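Shown next, in structure tokens, is the structure this report addresses.
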Number of protein chains: 2
Amino acid sequence: MISVVILGAGNVATHLFKGFRKADNVSVIQWFNRSLSSISSYKNEVDITDDLSKLKDADIYILAISDDAISNLSSQLPFENKLVVHTSGSVSVYDIDMKHKRGVLYPLQTFSKEANLDFKNVPICIETIDKKSYPLLKEVALSTGSPTKKVNSDQRRVLHLAAVFVNNFTNQLYRIGHEITESEGAEFDVLKPLILETAKKIQDISPYMAQTGPAKRNDKKTLKKHLKLLDNNTQHKAIYELLTASIQQTHGRKKL
Amino acid sequence: MISVVILGAGNVATHLFKGFRKADNVSVIQWFNRSLSSISSYKNEVDITDDLSKLKDADIYILAISDDAISNLSSQLPFENKLVVHTSGSVSVYDIDMKHKRGVLYPLQTFSKEANLDFKNVPICIETIDKKSYPLLKEVALSTGSPTKKVNSDQRRVLHLAAVFVNNFTNQLYRIGHEITESEGAEFDVLKPLILETAKKIQDISPYMAQTGPAKRNDKKTLKKHLKLLDNNTQHKAIYELLTASIQQTHGRKKL
Ligand SMILES: NC(=O)c1ccc[n+]([C@@H]2O[C@H](COP(=O)([O-])OP(=O)(O)OC[C@H]3O[C@@H](n4cnc5c(N)ncnc54)[C@H](OP(=O)(O)O)[C@@H]3O)[C@@H](O)[C@H]2O)c1
Ligand SMILES: NC(=O)c1ccc[n+]([C@@H]2O[C@H](COP(=O)([O-])OP(=O)(O)OC[C@H]3O[C@@H](n4cnc5c(N)ncnc54)[C@H](OP(=O)(O)O)[C@@H]3O)[C@@H](O)[C@H]2O)c1
């Protein structure tokens, strides 16, 4: 049985706790948060603490805390030579204090506390500095039911960057779709099946193959009509122009 | 039984033909295309023709042809005062020759001939110039199993524009994600569950509520790291900056 201590009580920590609850080879023996209130409701299930000096001996310590807090908290841990990992896509593994064995367990998914999550759909990218810690970290990640992926620091960094494009930026395009439709009293809901289909399509074919539409076809008439409709919003217009140019660059058309 | 003639043999025409095949109150009595080859495999199921002068008498004629061809083909039709509709999101209903009763049956989805499609997931936006034609067009649209939506021309136009944002532009963000990950030998596949989750999330909550990430949090450290990673690609960098600014405008943060 692998023993785990979770530090932090946010979105990721909470989902990890629930994920490990179902694992039969991993046991969360303690849950730390600087403020007890957010974990007190779990006190009958697991030992909870807000006192670093009371941390139990465990095989692995998972810092699922804000990016900026990782370095400092790791150096405050009152032990050394244990496997300590963070869960961030963008923080360096070297931000963890060098007195520890260091690693990263980066779950590539969008978490929010309320939503239920199936770890089957959460690829976990793992990275360790010393090779010997890798199998342990992998076993811990797999125990949630997640697919795991070995990555190096550069790969994790670009995966996080790409995640910003396909998650945050995509969501902002949905938002713009929402604004545009509502501005004419049309319903955003009508777009929802298209949004889902767009995401489903690239599960099987590449985004390159999946592309369609006026930019790819270089349909000048439609492009012109659309730009005119966007005349009252400089920022939406700039996004339209830039993404059209990007599509045309990808598909070998001339720029707008 | 409502009789329909389909004109055109592309993505939309083919899916409509298959959709109506299952309907019990609508019958496709003829299928026209300027070149017979693409519909000849259906000749045992339906009367096919490439000769406008042989068009049969029907309740409704659906021009599922390229945007640019709609106006011209509609004026060549050898009859008048019949309901003639096109299937385009961006072409004006007035592009149809005024000798006809005119309307639009715009299926708001991305079609490709190969992929199977459930019309349940294809909202059909309908519009007619004369009110009397509306119930007929609605019945035809509903017969495929689609949800239907009454729209006016302005609403259809913005829905089409919004569709470009949430479909073509989103797909280009997936493409950029693909390029970025492959540039470091990371796998695009790892992002696929996140892509699906991002689309699923806004089926229930608004894109505004669904937003997360460094732009919304105004996490300057991460934003800076990402821009540095994009230093070798001016266009990706410009997209990053513009969409970050757009998110910050939506969520009341200062610009980059
Ligand atoms: N959310 C996601 O979708 C996602 C996905 C993949 C990876 N990650 C990464 O996972 C980590 C946690 O993210 P999250 O979304 O779970 O964050 P979150 O919900 O904002 O929770 C942050 C946690 O960090 C704790 N914390 C903040 N500053 C601290 C400090 N100075 N000392 C000790 N604890 C501190 C907070 O404690 P309090 O409860 O006392 O405030 C809270 O428990 C981050 O590295 C993030 O980049 C997040
Ligand atoms: N594809 C989508 O996802 C989608 C979604 C919603 C709406 N629409 C709209 O639906 C319509 C059809 O799109 P599509 O994707 O099905 O197009 P498509 O696959 O490119 O097929 C175009 C069809 O139009 C015919 N055509 C082209 N020029 C013609 C002309 N001058 N005279 C007569 N026929 C002509 C073609 O005939 P040949 O076979 O002889 O070339 C072909 O059958 C367009 O208005 C489009 O905006 C498309």
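Identifiers for the structure tokens are assigned positionally: chains receive A, B, ... in sequence, residues are indexed from 1 per chain, and ligands are indexed from 1 in the order shown.
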
Interface list for chain B, partner chain A, 7 Å threshold, only C-alpha atoms, as a PyMOL selection string: chain B and resi 90+108-110+121-123+154-155+158-159+161-163+165-175+177+180-181+184+186+190-196+198-200+203+207-208+211-213+222+226+239+242-243+247

Near-A:Glu139 list (10 Å; only C-alpha atoms; drop same-chain fewer than 3 positions) as a ChimeraX atom specification: /A:2,25-26,134-136,142-144,148

Serialized selection, all heavy atoms, as a tab-separated table (two decimals), in the first residue's frame:
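See again-v3.tsv below for the written result:
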```
chain	number	residue	atom	x	y	z
A	2	ILE	N	0.67	2.10	-0.98
A	2	ILE	CA	1.45	3.34	-1.05
A	2	ILE	C	0.74	4.42	-0.22
A	2	ILE	O	-0.45	4.66	-0.41
A	2	ILE	CB	1.58	3.82	-2.51
A	2	ILE	CG1	2.24	2.73	-3.37
A	2	ILE	CG2	2.36	5.13	-2.58
A	2	ILE	CD1	2.17	3.01	-4.86
A	25	ASN	N	-4.50	0.36	-4.11
A	25	ASN	CA	-3.08	0.24	-3.75
A	25	ASN	C	-2.51	1.56	-3.23
A	25	ASN	O	-1.32	1.68	-3.00
A	25	ASN	CB	-2.26	-0.25	-4.94
A	25	ASN	CG	-2.48	0.62	-6.16
A	25	ASN	OD1	-3.52	1.28	-6.28
A	25	ASN	ND2	-1.51	0.65	-7.06
A	26	VAL	N	-3.38	2.58	-3.11
A	26	VAL	CA	-2.92	3.88	-2.62
A	26	VAL	C	-3.85	4.34	-1.50
A	26	VAL	O	-5.07	4.22	-1.62
A	26	VAL	CB	-2.92	4.92	-3.77
A	26	VAL	CG1	-2.76	6.33	-3.22
A	26	VAL	CG2	-1.80	4.61	-4.77
A	134	TYR	N	10.35	7.32	-10.47
A	134	TYR	CA	9.34	7.29	-11.53
A	134	TYR	C	8.28	6.18	-11.37
A	134	TYR	O	7.08	6.47	-11.43
A	134	TYR	CB	10.03	7.23	-12.90
A	134	TYR	CG	9.05	7.19	-14.03
A	134	TYR	CD1	8.38	8.34	-14.44
A	134	TYR	CD2	8.73	5.99	-14.67
A	134	TYR	CE1	7.44	8.30	-15.45
A	134	TYR	CE2	7.80	5.94	-15.68
A	134	TYR	CZ	7.15	7.10	-16.06
A	134	TYR	OH	6.22	7.04	-17.06
A	135	PRO	N	8.70	4.92	-11.14
A	135	PRO	CA	7.68	3.85	-11.03
A	135	PRO	C	6.68	4.11	-9.90
A	135	PRO	O	5.48	3.84	-10.06
A	135	PRO	CB	8.50	2.59	-10.73
A	135	PRO	CG	9.89	2.91	-11.18
A	135	PRO	CD	10.07	4.38	-11.01
A	136	LEU	N	7.15	4.65	-8.79
A	136	LEU	CA	6.26	4.93	-7.68
A	136	LEU	C	5.22	5.98	-8.07
A	136	LEU	O	4.01	5.82	-7.86
A	136	LEU	CB	7.08	5.44	-6.47
A	136	LEU	CG	6.28	5.86	-5.24
A	136	LEU	CD1	5.51	4.68	-4.66
A	136	LEU	CD2	7.21	6.47	-4.16
A	142	LEU	N	-1.63	6.06	-11.87
A	142	LEU	CA	-2.48	5.02	-12.48
A	142	LEU	C	-3.60	4.58	-11.54
A	142	LEU	O	-4.68	4.19	-12.00
A	142	LEU	CB	-1.64	3.79	-12.84
A	142	LEU	CG	-0.79	3.89	-14.11
A	142	LEU	CD1	0.11	2.65	-14.24
A	142	LEU	CD2	-1.67	4.04	-15.36
A	143	SER	N	-3.35	4.67	-10.24
A	143	SER	CA	-4.33	4.15	-9.28
A	143	SER	C	-5.66	4.91	-9.34
A	143	SER	O	-6.69	4.41	-8.91
A	143	SER	CB	-3.76	4.23	-7.86
A	143	SER	OG	-3.83	5.56	-7.39
A	144	THR	N	-5.65	6.10	-9.88
A	144	THR	CA	-6.90	6.87	-10.00
A	144	THR	C	-7.74	6.39	-11.19
A	144	THR	O	-8.90	6.77	-11.32
A	144	THR	CB	-6.61	8.37	-10.26
A	144	THR	OG1	-5.85	8.47	-11.49
A	144	THR	CG2	-5.80	8.99	-9.13
A	148	THR	N	-1.60	7.54	-18.01
A	148	THR	CA	-0.46	8.38	-17.64
A	148	THR	C	0.46	8.54	-18.82
A	148	THR	O	0.44	7.75	-19.76
A	148	THR	CB	0.35	7.79	-16.46
A	148	THR	OG1	1.00	6.60	-16.92
A	148	THR	CG2	-0.53	7.48	-15.29
```

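Closest approach to ligand 1 among B:Ile205, B:Arg217, B:Lys82, B:Ser41: B:Arg217, based on only C-alpha atoms and all ligand atoms.
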
Using only C-alpha atoms and all ligand atoms, which residues of chain A come within 10 Å of ligand 1, and what is the closest atom pair for each, with the distance in Å to one decimal? Give it as CSV, sorted by chain and residue number.
```
residue,atom,partner,partner_atom_place_in_ligand_line,distance
A:Leu7,CA,ligand 1,34 (N),7.5
A:Gly8,CA,ligand 1,43 (O),3.8
A:Ala9,CA,ligand 1,43 (O),3.6
A:Gly10,CA,ligand 1,19 (O),3.2
A:Asn11,CA,ligand 1,16 (O),3.7
A:Val12,CA,ligand 1,16 (O),3.8
A:Ala13,CA,ligand 1,16 (O),5.6
A:Thr14,CA,ligand 1,16 (O),7.5
A:His15,CA,ligand 1,16 (O),8.6
A:Leu16,CA,ligand 1,16 (O),9.5
A:Phe32,CA,ligand 1,43 (O),8.7
A:Asn33,CA,ligand 1,43 (O),5.9
A:Arg34,CA,ligand 1,40 (O),4.9
A:Ser35,CA,ligand 1,40 (O),4.5
A:Leu36,CA,ligand 1,40 (O),7.6
A:Ser37,CA,ligand 1,39 (O),8.1
A:Ser38,CA,ligand 1,39 (O),6.2
A:Ile39,CA,ligand 1,39 (O),8.5
A:Asp50,CA,ligand 1,40 (O),9.2
A:Ile62,CA,ligand 1,11 (C),9.9
A:Leu63,CA,ligand 1,11 (C),7.5
A:Ala64,CA,ligand 1,12 (C),4.5
A:Ile65,CA,ligand 1,24 (O),3.3
A:Ser66,CA,ligand 1,24 (O),4.4
A:Asp67,CA,ligand 1,45 (O),4.2
A:Asp68,CA,ligand 1,28 (N),7.1
A:Ala69,CA,ligand 1,31 (N),4.4
A:Ile70,CA,ligand 1,45 (O),7.5
A:Ser71,CA,ligand 1,31 (N),9.4
A:Asn72,CA,ligand 1,31 (N),7.4
A:Leu73,CA,ligand 1,32 (N),6.0
A:Ser74,CA,ligand 1,32 (N),9.6
A:Gln76,CA,ligand 1,32 (N),9.9
A:His86,CA,ligand 1,45 (O),6.6
A:Thr87,CA,ligand 1,10 (O),4.7
A:Ser88,CA,ligand 1,45 (O),3.7
A:Gly89,CA,ligand 1,7 (C),5.8
A:Ser90,CA,ligand 1,47 (O),6.9
A:Val91,CA,ligand 1,45 (O),7.3
A:Val104,CA,ligand 1,45 (O),9.9
A:Leu105,CA,ligand 1,7 (C),8.7
A:Tyr106,CA,ligand 1,7 (C),5.7
A:Pro107,CA,ligand 1,6 (C),5.1
A:Leu108,CA,ligand 1,6 (C),5.6
A:Gln109,CA,ligand 1,5 (C),5.5
A:Thr110,CA,ligand 1,3 (O),3.6
A:Phe111,CA,ligand 1,3 (O),3.8
A:Ser112,CA,ligand 1,1 (N),6.2
A:Lys113,CA,ligand 1,19 (O),7.7
A:Val122,CA,ligand 1,6 (C),9.6
A:Ile124,CA,ligand 1,6 (C),9.2
A:His160,CA,ligand 1,6 (C),8.6
A:Ala163,CA,ligand 1,6 (C),9.7
```

Residue among B:Asp59, B:Glu80, B:Asp24, B:Glu114 lying closest to ligand 2, counting only C-alpha atoms and all ligand atoms: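 Ranked by minimum distance to ligand 2, first place goes to B:Glu114.
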